[in-house]
file target_36.txt (compact mmCIF, C-alpha atoms and all ligand atoms)
# COMPACT_ATOMS: atom_id res chain seq x y z
CA MET A 18 18.38 36.75 12.10
CA SER A 19 19.03 39.81 9.97
CA HIS A 20 16.23 39.16 7.55
CA ARG A 21 12.92 37.47 7.73
CA ALA A 22 12.99 34.06 6.10
CA ARG A 23 10.02 33.57 3.88
CA LEU A 24 8.49 30.14 3.75
CA SER A 25 6.90 29.31 0.46
CA PRO A 26 3.37 27.97 0.85
CA VAL A 27 3.11 24.22 0.82
CA THR A 28 0.74 22.92 -1.82
CA PRO A 29 -1.21 19.98 -0.44
CA PRO A 30 -1.26 16.93 -2.68
CA PRO A 31 -4.41 16.70 -4.80
CA PRO A 32 -7.18 14.76 -3.09
CA VAL A 33 -7.75 11.18 -4.11
CA LEU A 34 -10.82 10.68 -6.29
CA ALA A 35 -12.76 7.44 -6.36
CA VAL A 36 -14.12 6.71 -9.83
CA THR A 37 -16.80 4.02 -9.89
CA VAL A 38 -17.89 2.58 -13.24
CA LEU A 39 -20.81 0.21 -13.75
CA GLY A 40 -22.49 -1.09 -16.86
CA ASP A 41 -22.83 -3.77 -19.49
CA ASP A 42 -19.50 -5.38 -20.20
CA ARG A 43 -17.73 -5.15 -23.54
CA PRO A 44 -14.05 -5.14 -24.58
CA GLY A 45 -12.26 -1.80 -24.18
CA ILE A 46 -13.92 -0.24 -21.15
CA VAL A 47 -10.77 -0.24 -19.00
CA ALA A 48 -8.69 1.21 -21.84
CA GLU A 49 -11.24 3.99 -22.49
CA LEU A 50 -11.58 4.81 -18.80
CA THR A 51 -7.86 4.92 -18.06
CA GLU A 52 -7.08 6.87 -21.25
CA ALA A 53 -9.65 9.46 -20.22
CA LEU A 54 -8.10 9.66 -16.74
CA ALA A 55 -4.60 9.93 -18.19
CA GLY A 56 -5.93 12.76 -20.38
CA VAL A 57 -6.60 14.85 -17.26
CA GLY A 58 -3.23 14.00 -15.72
CA GLY A 59 -4.67 11.32 -13.47
CA ASN A 60 -2.26 9.06 -11.65
CA LEU A 61 -3.93 5.73 -10.90
CA GLU A 62 -3.51 4.22 -7.45
CA ASP A 63 -5.28 1.08 -6.27
CA SER A 64 -8.13 -0.27 -8.35
CA THR A 65 -10.28 -3.32 -8.62
CA MET A 66 -12.55 -4.55 -11.39
CA THR A 67 -14.63 -7.62 -11.87
CA LEU A 68 -17.65 -8.88 -13.74
CA LEU A 69 -20.77 -9.36 -11.66
CA ARG A 70 -23.01 -11.63 -13.72
CA GLY A 71 -21.90 -9.88 -16.91
CA HIS A 72 -21.98 -6.37 -15.45
CA PHE A 73 -18.73 -4.47 -15.55
CA ALA A 74 -17.89 -3.10 -12.09
CA MET A 75 -14.76 -1.08 -11.34
CA VAL A 76 -13.51 1.27 -8.67
CA VAL A 77 -10.28 3.13 -9.25
CA LEU A 78 -8.53 5.63 -7.00
CA VAL A 79 -6.90 8.42 -8.96
CA ARG A 80 -5.02 11.58 -8.10
CA SER A 81 -5.05 14.47 -10.52
CA ASP A 82 -4.18 18.15 -10.41
CA ALA A 83 -7.32 18.64 -12.48
CA SER A 84 -10.47 19.54 -10.57
CA GLN A 85 -13.13 16.99 -9.76
CA SER A 86 -15.42 18.63 -12.31
CA ALA A 87 -12.71 18.32 -14.99
CA VAL A 88 -12.41 14.61 -14.18
CA GLU A 89 -16.20 14.29 -14.34
CA ALA A 90 -16.20 16.03 -17.71
CA ALA A 91 -13.57 13.58 -18.97
CA MET A 92 -15.93 10.75 -18.03
CA GLN A 93 -18.79 12.11 -20.18
CA PRO A 94 -17.99 10.07 -23.33
CA LEU A 95 -18.03 6.85 -21.32
CA GLN A 96 -21.45 7.72 -19.97
CA HIS A 97 -23.00 8.98 -23.20
CA SER A 98 -21.74 6.77 -26.00
CA GLY A 99 -20.47 4.04 -23.69
CA GLY A 100 -23.70 3.45 -21.79
CA LEU A 101 -21.86 3.26 -18.47
CA SER A 102 -22.76 4.78 -15.16
CA VAL A 103 -19.80 6.71 -13.73
CA ASP A 104 -19.49 8.31 -10.32
CA VAL A 105 -16.58 10.53 -9.26
CA ARG A 106 -16.14 11.51 -5.67
CA SER A 107 -13.40 12.91 -3.50
CA LEU A 108 -12.18 10.75 -0.62
CA PRO A 109 -10.39 11.85 2.53
CA ASP A 110 -6.96 10.27 2.90
CA PRO A 111 -7.49 7.18 5.04
CA ALA A 112 -6.02 6.74 8.47
CA GLN A 113 -3.11 4.36 8.13
CA HIS A 114 -4.16 0.88 9.25
CA SER A 115 -2.33 -0.39 12.27
CA GLY A 116 -1.72 -3.72 10.59
CA ALA A 117 -2.28 -5.55 13.86
CA GLY A 118 -4.18 -8.79 13.74
CA GLN A 119 -4.15 -12.05 11.89
CA SER A 120 -5.53 -12.74 8.39
CA PHE A 121 -7.94 -15.60 7.72
CA THR A 122 -9.57 -16.99 4.62
CA LEU A 123 -13.30 -17.51 5.05
CA ARG A 124 -15.00 -19.98 2.70
CA VAL A 125 -18.74 -20.55 2.62
CA HIS A 126 -20.79 -22.58 0.15
CA GLY A 127 -24.24 -24.08 0.14
CA ALA A 128 -27.75 -23.88 -1.24
CA ASP A 129 -28.75 -20.30 -1.98
CA ARG A 130 -31.13 -18.65 0.47
CA PRO A 131 -31.61 -15.12 1.81
CA GLY A 132 -29.34 -13.98 4.62
CA ILE A 133 -26.22 -16.09 4.18
CA VAL A 134 -23.82 -13.15 3.84
CA ALA A 135 -25.60 -11.15 6.54
CA SER A 136 -25.56 -13.94 9.12
CA ILE A 137 -21.97 -14.97 8.48
CA THR A 138 -20.53 -11.47 8.39
CA ARG A 139 -22.49 -10.50 11.53
CA VAL A 140 -20.65 -13.24 13.41
CA LEU A 141 -17.33 -11.83 12.23
CA ALA A 142 -18.33 -8.28 13.13
CA ARG A 143 -19.32 -9.37 16.65
CA HIS A 144 -15.77 -10.64 17.12
CA GLY A 145 -14.23 -7.45 15.76
CA GLY A 146 -13.29 -9.11 12.48
CA ASN A 147 -12.63 -6.75 9.59
CA ILE A 148 -13.35 -7.95 6.05
CA VAL A 149 -10.59 -6.75 3.73
CA ASP A 150 -11.56 -8.64 0.57
CA LEU A 151 -14.80 -10.35 -0.37
CA GLY A 152 -16.41 -12.01 -3.35
CA THR A 153 -19.62 -13.96 -3.76
CA ARG A 154 -20.92 -15.97 -6.69
CA LEU A 155 -24.33 -17.41 -7.35
CA GLY A 156 -24.52 -20.51 -9.55
CA SER A 157 -27.74 -22.16 -10.65
CA ALA A 158 -28.38 -23.36 -7.11
CA LEU A 159 -25.10 -22.99 -5.26
CA TYR A 160 -23.99 -19.88 -3.41
CA VAL A 161 -20.26 -19.32 -2.77
CA LEU A 162 -18.68 -16.71 -0.52
CA LEU A 163 -14.96 -16.12 -0.14
CA ALA A 164 -13.50 -13.45 2.07
CA GLU A 165 -10.32 -12.42 3.74
CA VAL A 166 -10.89 -11.36 7.32
CA VAL A 167 -8.52 -9.76 9.79
CA LEU A 168 -9.26 -10.71 13.38
CA PRO A 169 -7.90 -8.40 16.07
CA GLU A 170 -4.87 -9.36 18.12
CA GLY A 171 -5.96 -11.66 20.92
CA ALA A 172 -9.24 -12.73 19.28
CA ASP A 173 -10.49 -16.13 20.38
CA VAL A 174 -10.24 -17.91 17.04
CA SER A 175 -11.88 -21.13 18.17
CA ALA A 176 -14.84 -19.12 19.53
CA VAL A 177 -15.17 -17.39 16.15
CA GLN A 178 -15.02 -20.75 14.41
CA ALA A 179 -17.65 -22.21 16.75
CA ASP A 180 -19.98 -19.23 16.20
CA LEU A 181 -19.49 -19.50 12.44
CA ALA A 182 -20.30 -23.22 12.59
CA ASP A 183 -23.49 -22.41 14.53
CA ALA A 184 -24.59 -19.83 11.99
CA ALA A 185 -23.70 -22.19 9.12
CA ARG A 186 -25.73 -24.98 10.68
CA ARG A 187 -28.79 -22.73 10.91
CA LEU A 188 -28.29 -21.67 7.26
CA GLY A 189 -27.55 -25.18 6.02
CA VAL A 190 -24.22 -24.15 4.47
CA ASP A 191 -20.58 -25.22 4.92
CA VAL A 192 -18.12 -22.78 6.42
CA SER A 193 -14.40 -22.79 7.14
CA LEU A 194 -11.99 -20.23 8.55
CA HIS A 195 -8.26 -20.84 8.05
CA PRO A 196 -5.33 -18.62 8.98
CA VAL A 197 -3.18 -17.07 6.26
CA ASP A 198 0.43 -16.52 7.30
CA ASP A 199 2.80 -14.12 5.62
CA ASP A 200 6.09 -15.97 5.12
CA LEU A 201 9.02 -13.65 4.58
CA LEU A 202 11.49 -15.44 2.32
CA MET B 25 29.20 -26.63 3.72
CA PRO B 26 32.93 -25.89 3.29
CA SER B 27 34.05 -23.13 5.64
CA LEU B 28 33.87 -19.62 4.26
CA PRO B 29 35.58 -16.34 5.15
CA VAL B 30 33.75 -13.80 7.33
CA GLY B 31 31.24 -12.00 5.15
CA ARG B 32 30.27 -8.35 4.91
CA VAL B 33 26.70 -7.14 5.27
CA LEU B 34 25.57 -5.75 1.91
CA PRO B 35 22.62 -3.43 1.20
CA VAL B 36 19.55 -5.25 -0.14
CA VAL B 37 18.11 -3.85 -3.39
CA GLN B 38 14.39 -3.42 -3.91
CA ALA B 39 12.05 -3.76 -6.88
CA PRO B 40 11.86 -2.23 -9.46
CA ASP B 41 15.68 -2.42 -9.58
CA PRO B 42 16.40 -4.08 -12.96
CA VAL B 43 18.94 -6.49 -11.44
CA LEU B 44 16.01 -8.36 -9.86
CA ALA B 45 14.68 -9.08 -13.37
CA THR B 46 18.06 -10.20 -14.72
CA PRO B 47 18.67 -13.94 -15.02
CA GLY B 48 21.90 -14.87 -13.26
CA MET B 49 25.15 -15.92 -14.92
CA ALA B 50 26.46 -19.37 -14.07
CA VAL B 51 29.34 -19.02 -11.61
CA ASP B 52 32.57 -20.91 -10.90
CA PRO B 53 31.98 -21.95 -7.28
CA THR B 54 35.74 -22.13 -6.63
CA ALA B 55 36.42 -18.56 -7.81
CA PRO B 56 37.51 -16.23 -4.96
CA GLU B 57 34.85 -13.62 -5.75
CA VAL B 58 32.16 -16.31 -5.63
CA ILE B 59 33.40 -17.54 -2.26
CA THR B 60 33.42 -13.93 -1.01
CA LEU B 61 29.84 -13.37 -2.21
CA ALA B 62 28.73 -16.64 -0.57
CA ALA B 63 30.04 -15.34 2.76
CA ASP B 64 28.46 -11.93 2.17
CA LEU B 65 25.05 -13.47 1.43
CA LEU B 66 25.16 -15.45 4.67
CA ALA B 67 26.27 -12.40 6.65
CA THR B 68 23.54 -10.21 5.14
CA GLN B 69 20.87 -12.83 5.66
CA ALA B 70 21.94 -13.33 9.27
CA VAL B 71 21.40 -9.66 10.21
CA SER B 72 18.02 -9.42 8.44
CA PRO B 73 15.26 -10.38 10.89
CA GLY B 74 12.96 -13.11 9.57
CA CYS B 75 15.02 -13.53 6.40
CA VAL B 76 15.41 -17.18 5.46
CA GLY B 77 17.11 -16.78 2.11
CA LEU B 78 18.93 -14.28 -0.05
CA ALA B 79 19.86 -14.42 -3.73
CA ALA B 80 22.79 -12.66 -5.38
CA GLN B 81 20.33 -10.48 -7.34
CA GLN B 82 19.09 -9.08 -4.02
CA VAL B 83 22.50 -7.60 -3.31
CA GLY B 84 22.75 -6.28 -6.86
CA ILE B 85 24.66 -9.09 -8.60
CA ALA B 86 23.08 -11.21 -11.35
CA TRP B 87 24.82 -14.49 -10.55
CA ARG B 88 23.30 -17.93 -10.08
CA MET B 89 23.80 -18.30 -6.35
CA PHE B 90 21.82 -17.85 -3.15
CA SER B 91 21.85 -18.60 0.55
CA VAL B 92 19.14 -20.31 2.58
CA ASP B 93 18.66 -20.94 6.29
CA VAL B 94 15.22 -21.96 7.56
CA THR B 95 16.48 -23.14 10.95
CA GLY B 96 13.88 -22.60 13.66
CA HIS B 97 11.02 -21.47 11.41
CA PRO B 98 7.72 -22.96 12.65
CA LYS B 99 6.84 -24.35 9.19
CA THR B 100 10.21 -26.04 8.67
CA ARG B 101 10.27 -29.83 8.61
CA THR B 102 13.37 -31.07 6.79
CA CYS B 103 16.20 -28.61 7.45
CA HIS B 104 19.70 -28.48 5.96
CA GLY B 105 20.75 -25.53 8.13
CA GLU B 106 22.67 -22.64 6.67
CA PHE B 107 24.05 -23.13 3.15
CA VAL B 108 24.85 -21.48 -0.16
CA LEU B 109 24.17 -23.11 -3.52
CA CYS B 110 25.64 -22.16 -6.88
CA ASN B 111 24.12 -22.95 -10.29
CA ALA B 112 21.15 -24.67 -8.67
CA VAL B 113 18.48 -26.38 -10.74
CA ILE B 114 15.23 -27.99 -9.70
CA GLU B 115 15.21 -31.73 -10.44
CA SER B 116 11.69 -32.41 -9.25
CA ALA B 117 8.88 -30.38 -7.66
CA THR B 118 5.64 -31.97 -6.49
CA ARG B 119 2.74 -31.44 -4.09
CA LYS B 120 2.02 -27.84 -4.92
CA GLU B 121 0.24 -25.80 -2.28
CA ARG B 122 -0.61 -22.15 -2.19
CA GLY B 123 0.96 -19.94 0.45
CA ARG B 124 1.40 -16.22 1.00
CA GLU B 125 4.97 -15.02 0.74
CA GLY B 126 6.89 -11.81 1.09
CA CYS B 127 10.38 -10.77 0.02
CA MET B 128 12.94 -8.31 1.41
CA SER B 129 13.18 -6.82 -2.07
CA VAL B 130 9.41 -6.17 -2.29
CA PRO B 131 8.66 -4.39 1.00
CA ASP B 132 5.10 -3.23 0.25
CA PHE B 133 3.39 -6.44 -0.85
CA THR B 134 2.85 -10.10 -0.19
CA GLY B 135 1.50 -12.54 -2.76
CA ASP B 136 -0.27 -15.86 -2.97
CA VAL B 137 1.96 -18.32 -4.80
CA ALA B 138 1.62 -22.05 -5.41
CA ARG B 139 4.91 -23.80 -4.59
CA ALA B 140 5.87 -27.45 -4.44
CA ARG B 141 6.14 -28.86 -0.92
CA ARG B 142 8.36 -31.74 -2.09
CA LEU B 143 11.51 -30.69 -3.86
CA VAL B 144 14.77 -32.07 -5.19
CA VAL B 145 17.43 -29.50 -6.10
CA ARG B 146 20.95 -29.98 -7.45
CA GLY B 147 23.63 -27.37 -7.06
CA GLN B 148 27.28 -26.72 -6.27
CA LEU B 149 28.80 -25.74 -2.96
CA PRO B 150 30.95 -22.62 -2.93
CA GLY B 151 34.62 -23.34 -2.26
CA THR B 152 34.85 -26.94 -3.36
CA GLY B 153 32.42 -26.83 -6.29
CA GLU B 154 31.09 -30.21 -5.19
CA TRP B 155 27.70 -31.07 -6.72
CA VAL B 156 25.11 -31.88 -4.07
CA THR B 157 21.52 -33.01 -4.23
CA ILE B 158 19.14 -31.53 -1.68
CA GLU B 159 15.92 -33.37 -1.07
CA THR B 160 13.55 -31.39 1.10
CA ASP B 161 9.95 -30.46 1.89
CA ALA B 162 7.67 -27.87 3.49
CA PHE B 163 9.16 -24.46 4.24
CA GLU B 164 12.70 -25.21 3.05
CA ALA B 165 11.26 -26.34 -0.30
CA VAL B 166 9.33 -23.06 -0.62
CA ALA B 167 12.40 -21.00 0.29
CA LEU B 168 14.56 -22.82 -2.27
CA GLN B 169 12.03 -22.25 -5.06
CA HIS B 170 11.74 -18.55 -4.13
CA GLU B 171 15.54 -18.12 -4.22
CA ILE B 172 16.02 -20.12 -7.44
CA ASP B 173 13.38 -17.85 -9.00
CA HIS B 174 15.53 -14.84 -8.01
CA THR B 175 18.53 -16.42 -9.76
CA ASP B 176 16.31 -16.77 -12.85
CA GLY B 177 15.43 -13.05 -12.66
CA MET B 178 11.96 -13.63 -11.22
CA ILE B 179 10.28 -12.33 -8.10
CA PHE B 180 7.11 -13.67 -6.49
CA LEU B 181 5.05 -11.04 -8.33
CA ASP B 182 5.87 -13.01 -11.51
CA ARG B 183 4.14 -16.06 -10.01
CA VAL B 184 1.10 -14.74 -8.13
CA ALA B 185 -2.12 -16.59 -8.74
CA GLY B 186 -4.34 -13.76 -10.03
CA PRO B 187 -5.61 -10.21 -9.59
CA HIS B 188 -6.66 -10.75 -5.98
CA ALA B 189 -3.42 -12.50 -5.03
CA VAL B 190 -1.32 -9.42 -4.19
CA HIS B 191 -1.87 -7.89 -0.79
CA PRO B 192 -0.52 -4.93 1.13
CA ARG B 193 2.15 -6.21 3.48
CA ARG B 194 0.92 -5.80 7.02
CA THR B 195 3.68 -7.25 9.13
CA TYR B 196 7.13 -5.80 9.17
CA LEU B 197 9.58 -8.14 10.76
ZN ZN C 301 12.96 -12.75 -2.30
call {"tool": "encode", "arguments": {"input": "target_36.txt", "output": "structure tokens", "more": "lines below"}}
Ligand SMILES: [Zn+2]
result
Amino acid sequence: MSHRARLSPVTPPPPVLAVTVLGDDRPGIVAELTEALAGVGGNLEDSTMTLLRGHFAMVVLVRSDASQSAVEAAMQPLQHSGGLSVDVRSLPDPAQHSGAGQSFTLRVHGADRPGIVASITRVLARHGGNIVDLGTRLGSALYVLLAEVVLPEGADVSAVQADLADAARRLGVDVSLHPVDDDLL
Amino acid sequence: MPSLPVGRVLPVVQAPDPVLATPGMAVDPTAPEVITLAADLLATQAVSPGCVGLAAQQVGIAWRMFSVDVTGHPKTRTCHGEFVLCNAVIESATRKERGREGCMSVPDFTGDVARARRLVVRGQLPGTGEWVTIETDAFEAVALQHEIDHTDGMIFLDRVAGPHAVHPRRTYL
């Protein structure tokens, strides 16, 4: 080579920031939050939001060329006039999931008592089950848990079901675990 | 099914291509270009692993026609083999159940969709234009509803049950 090729430096993509927002619910929170993020050039990725007994709860992943402190500053109005608690933190890019395993829907319901979620999820963890989505609701007396669980390839599903039934019997709740198949159409 | 010429394998378009949101035009099932597309849909579906149906929109053409073949799928009960329907309409749809479905045109996601498990569909066969009634159930019923949605310019994301009903697709067939 007659001349030295010069490689231009590669700019790494901005890190992903997790913005967590909690507080009393009212109309307009999502609009205010996402407008503020758009104002600092934020590109929204995955997010989830729900009401937990009237409390607004949201986590949104956002990428922005603006610094973390600039994003935090953009969140100030939500915290001050909006009465919300906002947390901004940088996340490492996750290892890509292998995708191996089978998805199941877990359903639990019964009289409320301490330890239902702990006992049931401990059974799943013992079998290598990974919870990928979970929601619980407490009614006046009834507790409901729904989750999606990925069991590793080769897991003994009937053993998991038997162990769940054991735990459910001790807790006095009903439990079921049913496979979810992806049908490509 | 009347016999069709040998089809060509066409590239499959992916969302957000606007053709997937375009309701199909009614077609003349005896027109040569319709017969050609019928053969092409079958050829394209046949080389796509795990693919049990393909609508004209998925190869970039907003026409009311699609192919289906659920032969050998573990959830199939009633099976009409490999066929193409033109101008299909749903006559009756009952026994809705929720399932999780994916689509070649939406490679990143699957979605939970309630679909009838008992279905009566009327449509025309390519070539002869003969009107046929297909009465089916289980997986073939789901596949027909998914494909008829495509011909109406809808994908499964237009039917998912709620904010927690879209999932990252984990299995690539
Ligand atoms: Zn599709």
call {"tool": "residues_around", "arguments": {"input": "target_36.txt", "residues": "Glu159 in chain B", "least_positions_apart": "2", "cutoff": "12 Å", "atoms": "all atoms listed in the file", "output": "short mmCIF file (atom, residue, chain, number, x, y, z; two decimals) with C-alpha atoms, keeping the file's coordinate frame"}}
result
data_model
loop_
_atom_site.label_atom_id
_atom_site.label_comp_id
_atom_site.auth_asym_id
_atom_site.auth_seq_id
_atom_site.Cartn_x
_atom_site.Cartn_y
_atom_site.Cartn_z
CA ARG B 101 10.27 -29.83 8.61
CA THR B 102 13.37 -31.07 6.79
CA CYS B 103 16.20 -28.61 7.45
CA HIS B 104 19.70 -28.48 5.96
CA ILE B 114 15.23 -27.99 -9.70
CA GLU B 115 15.21 -31.73 -10.44
CA SER B 116 11.69 -32.41 -9.25
CA ALA B 117 8.88 -30.38 -7.66
CA THR B 118 5.64 -31.97 -6.49
CA ARG B 141 6.14 -28.86 -0.92
CA ARG B 142 8.36 -31.74 -2.09
CA LEU B 143 11.51 -30.69 -3.86
CA VAL B 144 14.77 -32.07 -5.19
CA VAL B 145 17.43 -29.50 -6.10
CA ARG B 146 20.95 -29.98 -7.45
CA GLY B 147 23.63 -27.37 -7.06
CA VAL B 156 25.11 -31.88 -4.07
CA THR B 157 21.52 -33.01 -4.23
CA ASP B 161 9.95 -30.46 1.89
CA ALA B 162 7.67 -27.87 3.49
CA GLU B 164 12.70 -25.21 3.05
CA ALA B 165 11.26 -26.34 -0.30
CA LEU B 168 14.56 -22.82 -2.27
#
call {"tool": "closest_atom_pairs", "arguments": {"input": "target_36.txt", "of": "chain A", "to": "ligand ZN 301 (chain C)", "cutoff": "12 Å", "atoms": "only C-alpha atoms and all ligand atoms", "output": "JSON lines"}}
result
{"residue": "A:Asp200", "atom": "CA", "partner": "C:ZN301", "partner_atom": "ZN", "distance": 10.6}
{"residue": "A:Leu201", "atom": "CA", "partner": "C:ZN301", "partner_atom": "ZN", "distance": 8.0}
{"residue": "A:Leu202", "atom": "CA", "partner": "C:ZN301", "partner_atom": "ZN", "distance": 5.5}
call {"tool": "closest_atom_pairs", "arguments": {"input": "target_36.txt", "of": "chain B", "to": "chain A", "cutoff": "8 Å", "atoms": "all atoms listed in the file", "output": "tab-separated table"}}
result
residue	atom	partner	partner_atom	distance
B:Gly74	CA	A:Leu201	CA	6.4
B:Cys75	CA	A:Leu202	CA	5.7
B:Val76	CA	A:Leu202	CA	5.3
B:Gly77	CA	A:Leu202	CA	5.8
B:Leu78	CA	A:Leu202	CA	7.9
B:Gly123	CA	A:Asp198	CA	7.7
B:Arg124	CA	A:Asp199	CA	5.3
B:Glu125	CA	A:Asp200	CA	4.6
B:Gly126	CA	A:Leu201	CA	4.5
B:Cys127	CA	A:Leu202	CA	5.3
B:Met128	CA	A:Leu202	CA	7.3
B:Thr134	CA	A:Asp199	CA	7.1
B:Ala167	CA	A:Leu202	CA	6.0
B:His170	CA	A:Leu202	CA	7.2
B:Arg194	CA	A:Gly116	CA	4.9
B:Thr195	CA	A:Gly116	CA	6.6
call {"tool": "atom_distance", "arguments": {"input": "target_36.txt", "atom1": "CA of Arg154 in chain A", "atom2": "CA of Gly99 in chain A"}}
result
26.3 Å
call {"tool": "residues_around", "arguments": {"input": "target_36.txt", "residues": "Val71 in chain B", "least_positions_apart": "5", "cutoff": "12 Å", "atoms": "all atoms listed in the file", "output": "list in words"}}
result
Gly31, Arg32, Val33, Leu34, Pro35, Val36, Asp64, Leu65, Leu66, Val76, Gly77, Leu78 and Leu197 of chain B
call {"tool": "residues_near_point", "arguments": {"input": "target_36.txt", "point": "(29.4, -28.3, -2.8)", "cutoff": "9 Å", "atoms": "only C-alpha atoms", "output": "PyMOL selection string"}}
result
chain B and resi 25-26+53+108-110+147-156
call {"tool": "atom_distance", "arguments": {"input": "target_36.txt", "atom1": "CA of Arg106 in chain A", "atom2": "CA of Leu162 in chain A"}}
result
28.8 Å
call {"tool": "atom_distance", "arguments": {"input": "target_36.txt", "atom1": "CA of Met89 in chain B", "atom2": "CA of Val130 in chain B"}}
result
19.3 Å
call {"tool": "closest_residue", "arguments": {"input": "target_36.txt", "among": "A:Leu155, A:Ile148, A:Val192, A:Leu141", "to": "Val177 in chain A", "atoms": "all atoms listed in the file"}}
result
A:Leu141
call {"tool": "closest_residue", "arguments": {"input": "target_36.txt", "among": "A:Val38, A:Leu54, A:Val166, A:Val125", "to": "Leu101 in chain A", "atoms": "all atoms listed in the file"}}
result
A:Val38
call {"tool": "build_atoms", "arguments": {"input": "target_36.txt", "residues": "range 152-167 of chain A", "atoms": "N, CA and C atoms", "output": "PDB file, keeping the file's coordinate frame"}}
result
ATOM      1  N   GLY A 152     -15.747 -11.748  -2.078  1.00  0.00           N
ATOM      2  CA  GLY A 152     -16.410 -12.010  -3.350  1.00  0.00           C
ATOM      3  C   GLY A 152     -17.470 -13.067  -3.138  1.00  0.00           C
ATOM      4  N   THR A 153     -18.588 -12.919  -3.818  1.00  0.00           N
ATOM      5  CA  THR A 153     -19.620 -13.960  -3.760  1.00  0.00           C
ATOM      6  C   THR A 153     -20.025 -14.285  -5.177  1.00  0.00           C
ATOM      7  N   ARG A 154     -20.433 -15.534  -5.378  1.00  0.00           N
ATOM      8  CA  ARG A 154     -20.920 -15.970  -6.690  1.00  0.00           C
ATOM      9  C   ARG A 154     -22.159 -16.804  -6.482  1.00  0.00           C
ATOM     10  N   LEU A 155     -23.125 -16.587  -7.369  1.00  0.00           N
ATOM     11  CA  LEU A 155     -24.330 -17.410  -7.350  1.00  0.00           C
ATOM     12  C   LEU A 155     -24.341 -18.261  -8.607  1.00  0.00           C
ATOM     13  N   GLY A 156     -24.354 -19.587  -8.420  1.00  0.00           N
ATOM     14  CA  GLY A 156     -24.520 -20.510  -9.550  1.00  0.00           C
ATOM     15  C   GLY A 156     -25.998 -20.789  -9.743  1.00  0.00           C
ATOM     16  N   SER A 157     -26.318 -21.890 -10.419  1.00  0.00           N
ATOM     17  CA  SER A 157     -27.740 -22.160 -10.650  1.00  0.00           C
ATOM     18  C   SER A 157     -28.451 -22.443  -9.324  1.00  0.00           C
ATOM     19  N   ALA A 158     -27.761 -23.105  -8.410  1.00  0.00           N
ATOM     20  CA  ALA A 158     -28.380 -23.360  -7.110  1.00  0.00           C
ATOM     21  C   ALA A 158     -27.405 -23.102  -5.968  1.00  0.00           C
ATOM     22  N   LEU A 159     -26.134 -23.038  -6.299  1.00  0.00           N
ATOM     23  CA  LEU A 159     -25.100 -22.990  -5.260  1.00  0.00           C
ATOM     24  C   LEU A 159     -24.642 -21.563  -5.029  1.00  0.00           C
ATOM     25  N   TYR A 160     -24.499 -21.191  -3.778  1.00  0.00           N
ATOM     26  CA  TYR A 160     -23.990 -19.880  -3.410  1.00  0.00           C
ATOM     27  C   TYR A 160     -22.597 -20.061  -2.813  1.00  0.00           C
ATOM     28  N   VAL A 161     -21.645 -19.219  -3.233  1.00  0.00           N
ATOM     29  CA  VAL A 161     -20.260 -19.320  -2.770  1.00  0.00           C
ATOM     30  C   VAL A 161     -19.816 -17.956  -2.261  1.00  0.00           C
ATOM     31  N   LEU A 162     -19.211 -17.943  -1.089  1.00  0.00           N
ATOM     32  CA  LEU A 162     -18.680 -16.710  -0.520  1.00  0.00           C
ATOM     33  C   LEU A 162     -17.224 -16.955  -0.134  1.00  0.00           C
ATOM     34  N   LEU A 163     -16.353 -16.063  -0.556  1.00  0.00           N
ATOM     35  CA  LEU A 163     -14.960 -16.120  -0.140  1.00  0.00           C
ATOM     36  C   LEU A 163     -14.583 -14.758   0.407  1.00  0.00           C
ATOM     37  N   ALA A 164     -13.894 -14.742   1.519  1.00  0.00           N
ATOM     38  CA  ALA A 164     -13.500 -13.450   2.070  1.00  0.00           C
ATOM     39  C   ALA A 164     -12.172 -13.594   2.787  1.00  0.00           C
ATOM     40  N   GLU A 165     -11.479 -12.481   2.855  1.00  0.00           N
ATOM     41  CA  GLU A 165     -10.320 -12.420   3.740  1.00  0.00           C
ATOM     42  C   GLU A 165     -10.696 -11.522   4.909  1.00  0.00           C
ATOM     43  N   VAL A 166     -10.451 -12.022   6.096  1.00  0.00           N
ATOM     44  CA  VAL A 166     -10.890 -11.360   7.320  1.00  0.00           C
ATOM     45  C   VAL A 166      -9.678 -11.154   8.220  1.00  0.00           C
ATOM     46  N   VAL A 167      -9.562  -9.985   8.799  1.00  0.00           N
ATOM     47  CA  VAL A 167      -8.520  -9.760   9.790  1.00  0.00           C
ATOM     48  C   VAL A 167      -9.169  -9.743  11.168  1.00  0.00           C
TER      49      VAL A 167
END
